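Trainee: You'll find entry-v4.txt just under this line, and it carries compact mmCIF, C-alpha atoms and all ligand atoms.
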```txt
# COMPACT_ATOMS: atom_id res chain seq x y z
CA MET V 1 17.31 117.58 3.69
CA ALA V 2 17.04 115.27 6.69
CA VAL V 3 19.56 112.51 7.08
CA THR V 4 18.17 109.59 9.12
CA SER V 5 20.23 109.43 12.26
CA LEU V 6 22.72 106.92 13.56
CA PRO V 7 24.77 107.38 16.76
CA ILE V 8 27.30 108.97 14.45
CA GLU V 9 29.67 110.46 17.02
CA LYS V 10 29.98 107.15 18.79
CA ILE V 11 30.45 105.32 15.49
CA ARG V 12 33.14 107.74 14.35
CA ALA V 13 34.95 107.37 17.67
CA ASP V 14 35.06 103.62 17.04
CA PHE V 15 37.21 104.15 13.92
CA PRO V 16 40.63 105.43 15.04
CA ILE V 17 41.84 106.27 11.53
CA LEU V 18 39.10 108.86 11.16
CA GLN V 19 41.01 111.01 13.65
CA GLU V 20 44.00 111.21 11.28
CA LYS V 21 45.02 114.47 9.68
CA ILE V 22 45.92 114.31 6.00
CA ARG V 23 47.98 117.24 4.76
CA ASN V 24 47.13 119.04 7.98
CA LYS V 25 43.40 118.73 7.34
CA PRO V 26 40.92 116.42 9.03
CA LEU V 27 40.60 113.28 6.94
CA VAL V 28 37.40 113.06 4.90
CA TYR V 29 37.41 109.43 3.83
CA LEU V 30 35.13 108.89 0.84
CA ASP V 31 36.81 105.90 -0.79
CA ASN V 32 34.75 103.28 0.96
CA ALA V 33 33.79 101.37 -2.17
CA ALA V 34 37.48 100.58 -2.69
CA SER V 35 37.90 99.55 0.93
CA CYS V 36 36.41 100.85 4.13
CA GLN V 37 38.05 101.57 7.45
CA LYS V 38 38.10 99.30 10.48
CA PRO V 39 36.53 99.83 13.92
CA ASN V 40 38.42 99.14 17.15
CA ALA V 41 36.25 96.04 17.58
CA VAL V 42 37.88 94.51 14.49
CA ILE V 43 41.41 95.77 15.17
CA ASP V 44 41.25 94.58 18.79
CA SER V 45 39.77 91.20 17.92
CA ILE V 46 42.69 90.48 15.58
CA SER V 47 45.25 91.76 18.04
CA ASN V 48 43.71 89.80 20.94
CA PHE V 49 43.48 86.68 18.84
CA TYR V 50 47.21 86.82 18.07
CA ARG V 51 48.01 87.67 21.69
CA HIS V 52 45.90 85.02 23.39
CA ASP V 53 44.39 82.41 21.09
CA TYR V 54 46.52 81.91 17.99
CA ALA V 55 47.42 78.50 16.57
CA ASN V 56 46.66 76.64 13.37
CA ILE V 57 43.12 75.30 13.10
CA HIS V 58 41.48 71.92 12.50
CA ARG V 59 44.80 70.21 13.19
CA GLY V 60 45.83 70.23 16.80
CA VAL V 61 44.47 68.64 19.95
CA HIS V 62 46.24 71.21 22.08
CA THR V 63 44.27 73.93 23.81
CA LEU V 64 45.29 76.82 21.58
CA SER V 65 44.46 74.96 18.40
CA VAL V 66 41.06 74.02 19.77
CA ARG V 67 40.47 77.60 20.88
CA ALA V 68 41.54 79.02 17.51
CA THR V 69 39.36 76.50 15.68
CA ASP V 70 36.36 77.44 17.84
CA LYS V 71 36.85 81.14 17.08
CA PHE V 72 37.31 80.48 13.37
CA GLU V 73 34.22 78.28 13.14
CA SER V 74 32.15 80.65 15.25
CA ALA V 75 32.98 83.39 12.73
CA ARG V 76 31.61 81.10 10.02
CA GLU V 77 28.37 80.88 12.01
CA LYS V 78 28.32 84.70 12.25
CA VAL V 79 28.64 84.98 8.47
CA ARG V 80 25.89 82.40 8.05
CA GLY V 81 23.56 84.40 10.27
CA PHE V 82 24.49 87.69 8.63
CA ILE V 83 23.37 86.55 5.17
CA ASN V 84 20.81 84.05 6.52
CA ALA V 85 22.31 81.02 4.81
CA ALA V 86 20.64 77.72 5.70
CA SER V 87 23.86 76.09 6.93
CA THR V 88 27.50 76.86 7.75
CA LYS V 89 28.33 74.21 5.15
CA GLU V 90 27.36 76.83 2.60
CA ILE V 91 29.89 79.41 3.81
CA ILE V 92 33.28 79.02 2.15
CA PHE V 93 36.13 81.31 3.17
CA VAL V 94 38.20 82.61 0.27
CA ARG V 95 40.54 85.58 -0.23
CA GLY V 96 37.83 87.89 -1.53
CA ALA V 97 35.10 88.38 -4.10
CA THR V 98 37.59 87.96 -6.93
CA GLU V 99 38.76 84.57 -5.74
CA ALA V 100 35.15 83.51 -5.15
CA VAL V 101 34.14 84.25 -8.75
CA ASN V 102 37.22 82.42 -10.04
CA LEU V 103 36.41 79.47 -7.80
CA ILE V 104 32.88 79.26 -9.19
CA ALA V 105 34.12 79.60 -12.78
CA GLN V 106 36.76 76.90 -12.34
CA THR V 107 34.59 74.40 -10.48
CA PHE V 108 30.90 74.92 -11.20
CA GLY V 109 31.76 76.46 -14.57
CA LYS V 110 34.11 73.77 -15.79
CA SER V 111 31.80 70.94 -14.79
CA ASN V 112 28.55 72.46 -16.09
CA ILE V 113 29.42 74.73 -19.01
CA LYS V 114 30.51 73.48 -22.40
CA ALA V 115 30.97 74.74 -25.97
CA GLY V 116 27.95 76.69 -27.23
CA ASP V 117 26.50 77.28 -23.73
CA GLU V 118 25.89 80.84 -22.60
CA ILE V 119 26.74 82.83 -19.49
CA VAL V 120 24.76 86.04 -18.93
CA ILE V 121 26.30 89.05 -17.19
CA THR V 122 25.37 92.76 -17.34
CA ALA V 123 26.95 95.84 -18.89
CA MET V 124 27.87 97.20 -15.45
CA GLU V 125 30.08 94.39 -14.14
CA HIS V 126 33.39 94.83 -12.34
CA HIS V 127 36.30 93.15 -14.13
CA SER V 128 36.18 90.42 -11.47
CA ASN V 129 32.84 89.33 -12.85
CA ILE V 130 33.88 89.57 -16.50
CA VAL V 131 37.40 88.18 -16.88
CA PRO V 132 36.93 84.82 -15.07
CA TRP V 133 33.96 84.11 -17.37
CA GLN V 134 35.93 85.14 -20.45
CA MET V 135 38.69 82.77 -19.38
CA LEU V 136 36.13 80.00 -18.96
CA CYS V 137 34.62 80.80 -22.37
CA GLU V 138 38.08 80.62 -23.96
CA GLU V 139 38.70 77.25 -22.36
CA THR V 140 35.31 75.73 -23.11
CA GLY V 141 33.94 77.49 -26.18
CA ALA V 142 31.02 78.91 -24.20
CA VAL V 143 29.68 82.37 -25.06
CA LEU V 144 29.45 85.44 -22.81
CA LYS V 145 26.22 87.43 -23.23
CA VAL V 146 25.90 90.96 -21.87
CA ALA V 147 22.56 92.42 -20.78
CA PRO V 148 22.58 96.13 -21.66
CA MET V 149 21.87 99.18 -19.49
CA ASN V 150 20.32 102.56 -20.19
CA VAL V 151 21.99 105.94 -19.78
CA GLN V 152 20.80 106.19 -16.15
CA GLY V 153 22.90 103.11 -15.52
CA GLU V 154 19.88 100.84 -15.03
CA LEU V 155 19.64 97.34 -16.41
CA ILE V 156 17.24 97.17 -19.37
CA TYR V 157 15.24 94.41 -17.77
CA PRO V 158 13.29 93.07 -20.79
CA GLU V 159 16.57 92.72 -22.69
CA PHE V 160 18.06 90.79 -19.77
CA GLU V 161 15.07 88.46 -19.74
CA ALA V 162 15.24 88.01 -23.51
CA LEU V 163 18.80 86.67 -23.16
CA LEU V 164 17.70 83.76 -20.98
CA ASN V 165 17.21 80.60 -23.00
CA ALA V 166 17.92 76.87 -23.02
CA LYS V 167 21.62 77.50 -23.71
CA THR V 168 22.05 79.77 -20.66
CA LYS V 169 23.90 77.83 -17.98
CA LEU V 170 24.57 80.65 -15.53
CA VAL V 171 23.55 84.23 -14.78
CA ALA V 172 26.36 86.09 -12.97
CA VAL V 173 25.42 89.66 -12.07
CA VAL V 174 26.45 92.45 -9.79
CA HIS V 175 24.06 93.20 -6.93
CA MET V 176 25.26 96.81 -6.64
CA SER V 177 27.59 98.41 -9.20
CA ASN V 178 30.85 99.86 -7.89
CA ALA V 179 31.17 102.38 -10.72
CA LEU V 180 27.57 103.64 -10.78
CA GLY V 181 25.95 102.66 -7.50
CA THR V 182 23.07 100.97 -9.35
CA VAL V 183 21.27 98.33 -7.32
CA ASN V 184 19.95 95.68 -9.68
CA PRO V 185 16.47 94.12 -9.31
CA VAL V 186 18.15 90.88 -8.35
CA LYS V 187 15.17 89.14 -6.79
CA GLN V 188 13.18 89.55 -9.98
CA MET V 189 16.20 88.50 -12.08
CA ILE V 190 16.73 85.37 -9.99
CA ALA V 191 13.05 84.39 -10.26
CA ALA V 192 13.16 84.86 -14.04
CA ALA V 193 16.34 82.77 -14.36
CA HIS V 194 15.00 80.04 -12.07
CA GLU V 195 11.85 79.73 -14.19
CA LYS V 196 14.23 78.44 -16.85
CA ASN V 197 16.27 76.40 -14.35
CA ILE V 198 19.27 78.72 -14.68
CA PRO V 199 21.37 79.21 -11.53
CA VAL V 200 22.33 82.74 -10.49
CA MET V 201 25.50 84.09 -8.91
CA LEU V 202 25.41 87.53 -7.31
CA ASP V 203 28.53 89.65 -6.94
CA GLY V 204 27.74 91.22 -3.59
CA ALA V 205 31.08 92.99 -3.08
CA GLN V 206 29.43 96.42 -3.00
CA ALA V 207 25.95 95.54 -1.77
CA ILE V 208 26.93 93.72 1.40
CA PRO V 209 28.08 96.77 3.46
CA HIS V 210 25.07 98.86 2.47
CA MET V 211 21.92 96.76 2.91
CA PRO V 212 20.52 93.68 4.62
CA VAL V 213 21.22 90.60 2.47
CA ASP V 214 19.19 87.42 2.90
CA VAL V 215 20.37 84.71 0.51
CA GLN V 216 17.38 82.48 1.22
CA ASP V 217 14.92 85.26 0.54
CA LEU V 218 16.80 86.23 -2.65
CA ASP V 219 17.05 82.53 -3.53
CA CYS V 220 20.42 83.14 -5.24
CA ASP V 221 22.56 80.08 -5.88
CA PHE V 222 25.87 81.80 -5.16
CA TYR V 223 26.66 85.06 -3.37
CA VAL V 224 30.21 86.40 -3.13
CA PHE V 225 31.77 89.26 -1.17
CA SER V 226 34.98 90.58 0.36
CA GLY V 227 35.62 91.24 4.05
CA HIS V 228 37.52 94.48 3.53
CA LYS V 229 34.49 96.32 2.13
CA LEU V 230 32.47 95.16 5.15
CA TYR V 231 34.62 96.93 7.78
CA GLY V 232 36.63 93.71 8.15
CA PRO V 233 40.19 92.73 7.20
CA SER V 234 41.52 92.53 3.67
CA GLY V 235 42.54 89.18 2.21
CA ILE V 236 39.40 87.42 3.37
CA GLY V 237 36.06 86.94 1.68
CA VAL V 238 33.11 84.64 1.38
CA MET V 239 31.63 82.43 -1.26
CA TYR V 240 28.12 81.37 -0.36
CA GLY V 241 26.67 78.52 -2.40
CA LYS V 242 23.58 76.38 -2.00
CA GLN V 243 24.60 73.10 -0.40
CA ALA V 244 23.38 70.81 -3.19
CA LEU V 245 25.34 72.80 -5.79
CA LEU V 246 28.50 72.87 -3.67
CA GLU V 247 28.27 69.14 -3.05
CA ALA V 248 28.02 68.43 -6.77
CA MET V 249 30.96 70.70 -7.63
CA PRO V 250 34.51 69.38 -7.93
CA ALA V 251 37.13 70.62 -5.46
CA TYR V 252 39.00 73.84 -6.32
CA GLN V 253 42.55 73.68 -4.98
CA GLY V 254 44.14 70.55 -3.57
CA GLY V 255 46.13 70.44 -0.35
CA GLY V 256 45.83 70.11 3.40
CA ASP V 257 42.50 70.44 5.20
CA MET V 258 40.40 69.71 2.10
CA ILE V 259 40.96 65.94 2.11
CA LYS V 260 39.48 62.93 3.87
CA THR V 261 42.15 60.41 2.84
CA VAL V 262 45.29 60.62 0.73
CA SER V 263 47.29 57.83 -0.84
CA PHE V 264 49.55 57.90 -3.88
CA GLU V 265 46.87 56.12 -5.85
CA LYS V 266 43.89 58.27 -4.93
CA SER V 267 42.70 60.93 -2.54
CA THR V 268 39.19 61.52 -1.24
CA TYR V 269 37.90 64.91 -0.26
CA ALA V 270 36.51 66.37 2.92
CA GLY V 271 32.86 67.36 3.18
CA LEU V 272 31.59 70.92 3.07
CA PRO V 273 32.76 73.56 3.72
CA HIS V 274 36.35 72.26 4.03
CA LYS V 275 36.39 70.70 0.55
CA PHE V 276 36.91 74.22 -0.86
CA GLU V 277 39.35 75.47 1.79
CA ALA V 278 42.75 73.96 1.00
CA GLY V 279 45.72 75.01 3.12
CA THR V 280 46.00 77.25 6.16
CA PRO V 281 43.50 80.10 5.77
CA GLY V 282 43.69 83.69 7.01
CA ILE V 283 42.67 82.54 10.47
CA ALA V 284 42.88 85.86 12.32
CA ASP V 285 41.24 87.64 9.40
CA VAL V 286 38.24 85.35 9.59
CA VAL V 287 38.02 86.13 13.31
CA GLY V 288 38.24 89.85 12.43
CA LEU V 289 35.45 89.46 9.90
CA GLY V 290 33.32 87.86 12.61
CA ALA V 291 33.98 90.90 14.83
CA ALA V 292 32.96 93.24 11.98
CA ILE V 293 29.69 91.35 11.66
CA ASP V 294 29.02 91.59 15.41
CA TYR V 295 29.68 95.32 15.18
CA LEU V 296 27.33 95.79 12.21
CA ASN V 297 24.60 93.70 13.80
CA GLU V 298 24.63 96.02 16.78
CA ILE V 299 24.01 99.03 14.56
CA GLY V 300 21.65 97.16 12.23
CA MET V 301 22.00 96.91 8.46
CA ALA V 302 18.53 98.40 7.86
CA ASN V 303 19.53 101.46 9.93
CA ILE V 304 22.76 101.77 7.97
CA ALA V 305 20.85 101.56 4.67
CA ALA V 306 18.41 104.27 5.77
CA TYR V 307 21.20 106.57 6.98
CA GLU V 308 23.26 106.14 3.82
CA ALA V 309 20.19 106.75 1.61
CA GLY V 310 19.94 110.15 3.28
CA LEU V 311 23.64 110.84 2.71
CA LEU V 312 23.39 109.90 -0.96
CA ALA V 313 20.26 112.00 -1.51
CA TYR V 314 21.98 114.99 0.10
CA ALA V 315 25.20 114.51 -1.88
CA THR V 316 23.26 114.14 -5.14
CA GLN V 317 21.22 117.25 -4.47
CA GLN V 318 24.37 119.25 -3.68
CA ALA V 319 26.31 117.88 -6.66
CA LYS V 320 23.49 118.82 -9.04
CA GLN V 321 23.96 122.44 -8.05
CA ILE V 322 27.56 122.50 -9.24
CA LYS V 323 27.80 123.79 -12.79
CA GLY V 324 29.98 121.63 -15.02
CA LEU V 325 29.55 118.51 -12.84
CA ARG V 326 27.99 115.49 -14.52
CA ILE V 327 26.86 112.57 -12.39
CA ILE V 328 27.64 109.19 -13.94
CA GLY V 329 24.98 106.75 -12.82
CA GLU V 330 21.54 108.00 -11.84
CA ALA V 331 19.62 104.80 -11.33
CA GLU V 332 16.46 105.10 -9.32
CA ASP V 333 17.61 102.32 -7.00
CA LYS V 334 21.10 103.30 -6.01
CA GLY V 335 23.57 102.69 -3.19
CA ALA V 336 25.82 105.28 -1.57
CA ILE V 337 28.13 105.99 -4.52
CA LEU V 338 28.51 109.29 -6.37
CA SER V 339 30.52 108.94 -9.58
CA PHE V 340 31.07 112.15 -11.50
CA VAL V 341 33.13 113.99 -14.07
CA LEU V 342 33.89 117.71 -14.36
CA ASP V 343 34.19 119.74 -17.53
CA LYS V 344 37.85 120.32 -18.37
CA ILE V 345 39.36 118.66 -15.27
CA HIS V 346 40.59 115.07 -15.52
CA PRO V 347 39.34 112.77 -12.74
CA HIS V 348 42.92 112.01 -11.67
CA ASP V 349 43.51 115.73 -11.16
CA ILE V 350 40.26 115.94 -9.18
CA GLY V 351 41.52 113.11 -6.97
CA THR V 352 44.92 114.69 -6.45
CA MET V 353 43.54 118.14 -5.74
CA LEU V 354 40.94 116.86 -3.31
CA ASP V 355 43.66 114.90 -1.53
CA SER V 356 45.46 118.19 -0.88
CA LEU V 357 42.33 119.15 1.10
CA GLY V 358 42.36 115.91 3.10
CA ILE V 359 39.56 114.35 1.03
CA ALA V 360 40.07 110.75 -0.17
CA ILE V 361 38.07 109.73 -3.23
CA ARG V 362 38.90 107.31 -6.01
CA ALA V 363 39.64 108.41 -9.56
CA GLY V 364 39.97 105.93 -12.40
CA HIS V 365 38.03 103.32 -14.31
CA HIS V 366 37.14 101.49 -11.10
CA CYS V 367 37.93 98.14 -12.73
CA ALA V 368 34.84 98.66 -14.85
CA MET V 369 36.31 99.70 -18.20
CA PRO V 370 33.19 98.72 -20.20
CA VAL V 371 31.15 101.13 -18.04
CA MET V 372 33.59 103.95 -18.83
CA GLU V 373 33.38 103.11 -22.51
CA PHE V 374 29.58 103.17 -22.38
CA TYR V 375 29.63 106.72 -21.00
CA GLY V 376 32.47 107.82 -23.30
CA VAL V 377 34.75 108.84 -20.42
CA PRO V 378 38.25 107.57 -19.64
CA ALA V 379 37.59 107.62 -15.92
CA THR V 380 35.36 109.12 -13.25
CA ALA V 381 35.88 110.64 -9.84
CA ARG V 382 34.02 108.57 -7.27
CA ALA V 383 32.97 109.52 -3.77
CA SER V 384 31.63 106.50 -1.93
CA PHE V 385 30.01 106.77 1.46
CA ALA V 386 29.99 104.59 4.55
CA MET V 387 27.97 104.62 7.75
CA TYR V 388 30.58 106.84 9.47
CA ASN V 389 30.37 109.64 6.90
CA THR V 390 28.43 112.82 7.63
CA LYS V 391 26.54 115.57 5.87
CA GLU V 392 29.32 117.94 6.97
CA GLU V 393 31.88 115.82 5.13
CA ILE V 394 29.75 116.04 2.01
CA ASP V 395 29.78 119.81 2.41
CA VAL V 396 33.60 119.71 2.59
CA LEU V 397 33.65 117.61 -0.60
CA MET V 398 31.33 119.99 -2.44
CA GLN V 399 33.33 123.03 -1.31
CA GLY V 400 36.49 121.28 -2.50
CA ILE V 401 34.97 120.56 -5.92
CA THR V 402 33.68 124.12 -6.23
CA SER V 403 37.05 125.60 -5.33
CA LEU V 404 38.92 123.47 -7.83
CA ILE V 405 36.47 124.42 -10.58
CA GLU V 406 37.10 128.07 -9.70
CA VAL V 407 40.86 127.62 -9.93
CA PHE V 408 41.20 125.13 -12.82
CA GLY V 409 37.84 124.79 -14.55
N1 LIG B 1 35.96 97.01 -6.25
C1 LIG B 1 36.46 99.40 -6.14
O1 LIG B 1 37.16 100.36 -5.84
P1 LIG B 1 38.09 92.26 -4.36
O2 LIG B 1 39.16 93.07 -5.02
O3 LIG B 1 38.18 90.79 -4.69
O4 LIG B 1 37.96 92.51 -2.89
O5 LIG B 1 36.69 92.78 -4.96
C2 LIG B 1 36.49 92.77 -6.33
C3 LIG B 1 35.20 93.43 -6.68
C4 LIG B 1 34.19 92.66 -7.23
N2 LIG B 1 33.00 93.19 -7.53
C5 LIG B 1 32.72 94.48 -7.33
C6 LIG B 1 31.37 95.01 -7.65
C7 LIG B 1 33.71 95.31 -6.78
O6 LIG B 1 33.43 96.60 -6.57
C8 LIG B 1 34.98 94.79 -6.47
C9 LIG B 1 36.08 95.67 -5.95
C10 LIG B 1 36.89 98.01 -5.74
O7 LIG B 1 35.38 99.55 -6.70
C11 LIG B 1 38.30 97.76 -6.14
S1 LIG B 1 38.51 97.76 -7.89
```
If you took the structure in this file and wrote it as structure tokens, what would it be?
Mentor:
Amino acid sequence: MAVTSLPIEKIRADFPILQEKIRNKPLVYLDNAASCQKPNAVIDSISNFYRHDYANIHRGVHTLSVRATDKFESAREKVRGFINAASTKEIIFVRGATEAVNLIAQTFGKSNIKAGDEIVITAMEHHSNIVPWQMLCEETGAVLKVAPMNVQGELIYPEFEALLNAKTKLVAVVHMSNALGTVNPVKQMIAAAHEKNIPVMLDGAQAIPHMPVDVQDLDCDFYVFSGHKLYGPSGIGVMYGKQALLEAMPAYQGGGDMIKTVSFEKSTYAGLPHKFEAGTPGIADVVGLGAAIDYLNEIGMANIAAYEAGLLAYATQQAKQIKGLRIIGEAEDKGAILSFVLDKIHPHDIGTMLDSLGIAIRAGHHCAMPVMEFYGVPATARASFAMYNTKEEIDVLMQGITSLIEVFG
């Protein structure tokens, strides 16, 4: 099976960690959905920033502070361009997707959702897009509604649509599932919700490294993601929100940088995006995220999507030939994730045994316990692919699985 090409040798050479040996074997890194590795462009940008440009931002008149502020704000512009937001005012830096969902729940949620209102999610959400809404429901008396999925791991679309009604105040759904790889028909879902004037938040933590994302074309109201899954640093992420919504929302955390004036009687808040960015942010990490975006733009997200589709098709075809292997998640529209279980071998043992061969996968519930419950498994083994993975690495994975079935199955 053909795998659409990328300049793969050059790309792999850009990621120093891929040269590591694990247990005396070449590293085969297939845990990209948990976090992916960083190219020299990102590592060097952070290192150079600390060496030459570092100071706190938005505060100083001295040269370094101005320089650091320029780099920080130019990264915001890079993020804006990457997701095609209308304005940098709509790009809020947070710690990651998790913090972004909590921010939306605590600000938009608290000011718009009251007892008896409904929030619609899907059966395939990550805990980050379940628990903050449950907390909000506990505080407000709102009700969480869950759109079901079928055994392929696809949303049952008519049942999703049937949940939308006058009480629905928000749809919060995953763009691409981390446990199954399913890519949801989000454009159609957003249009259906908007017909009833319901805003939509997309959890883009998994989608963003695998496909072009255009928030204006999708017309989503919020889009959240983490930098570390996008070849950037950990501890930094993005909450995109439409400007009118963000302006109407109350501030999240109080502190420096998010105010206009402060007195003991009353404080007034800064405009967007600073209103939601209290305190000193992860300055160098934002700069690193900007470098990751430059790097990805050079390769092209559409090229990455095409290449990874080939990898996934090849991995799926190979996995289906292994007796005793069951793929968990076979949606027609799927990103580069292969979740599976083996007869008689616990996923944690699969993970440990593959590690002894230098292969890094994730084993567990993937912070998606309801998905595990749906499939009646305690956990799955998950190989997740990135643009630097190869067909040869998939062969190594399949040989590893076959050999452990021979020994332990
Ligand atoms: N999923 C995984 O191995 P944070 O931790 O904030 O960067 O991202 C949270 C998150 C939210 N939504 C989805 C769909 C996700 O996959 C994740 C993180 C990792 O699958 C760690 S559990």
Trainee: 6 Å from ligand LIG 1 (chain B) is the threshold here; counting all atoms listed in the file, which polymer residues fall inside it? Answer as a list in words.
Mentor: Ala33, Ala34, Gly96, Ala97, Thr98, His126, Ser128, Val174, Ser177, Asn178, Asp203, Ala205, Gln206, Ser226, His366 and Cys367 of chain V
Trainee: May I have the residues within 10 Å of Met258 of chain V as a CSV table (one decimal) with C-alpha atoms, keeping the file's coordinate frame, using only C-alpha atoms and disregarding those fewer than 5 positions away in the same chain?
Mentor:
```csv
chain,number,residue,atom,x,y,z
V,251,ALA,CA,37.1,70.6,-5.5
V,252,TYR,CA,39.0,73.8,-6.3
V,253,GLN,CA,42.6,73.7,-5.0
V,268,THR,CA,39.2,61.5,-1.2
V,269,TYR,CA,37.9,64.9,-0.3
V,270,ALA,CA,36.5,66.4,2.9
V,271,GLY,CA,32.9,67.4,3.2
V,272,LEU,CA,31.6,70.9,3.1
V,273,PRO,CA,32.8,73.6,3.7
V,274,HIS,CA,36.4,72.3,4.0
V,275,LYS,CA,36.4,70.7,0.6
V,276,PHE,CA,36.9,74.2,-0.9
V,277,GLU,CA,39.4,75.5,1.8
V,278,ALA,CA,42.8,74.0,1.0
V,279,GLY,CA,45.7,75.0,3.1
```
Trainee: Closest to Leu18 of chain V among V:Gln318, V:Asn165, V:Ser356, V:Asn389, using all atoms listed in the file?
Mentor: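 Of V:Gln318, V:Asn165, V:Ser356, V:Asn389, the one nearest Leu18 of chain V, counting all atoms listed in the file, is V:Asn389.
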Trainee: I need the residue nearest Thr107 of chain V from this list: V:Gly256, V:Gly351, V:Pro233, V:Pro250. Use all atoms listed in the file for the distance.
Mentor: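 Of the candidates, the smallest distance to Thr107 of chain V is held by V:Pro250.
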Trainee: At a cut-off of 9 Å, using all atoms listed in the file, what residues contact segment 290-304 of chain V? Leave out same-chain residues fewer than 4 positions from it and give the result as a ChimeraX atom specification.
Mentor: /V:4-7,38-39,41-43,45-46,71-72,74-79,82,209-213,227,230-233,285-286,308-309,386-387
Trainee: So which one's closest to Val120 of chain V, V:Ala147, V:Leu27, V:Ile394, V:Ile8? Using all atoms listed in the file, please.
Mentor: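 Once distances to Val120 of chain V are computed over all atoms listed in the file, the minimum belongs to V:Ala147.
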Trainee: In Å, how far is it from atom CA of Ser339 of chain V to atom CA of Arg326 of chain V?
Mentor: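 Going from atom CA of Ser339 of chain V over to atom CA of Arg326 of chain V covers 8.6 Å.
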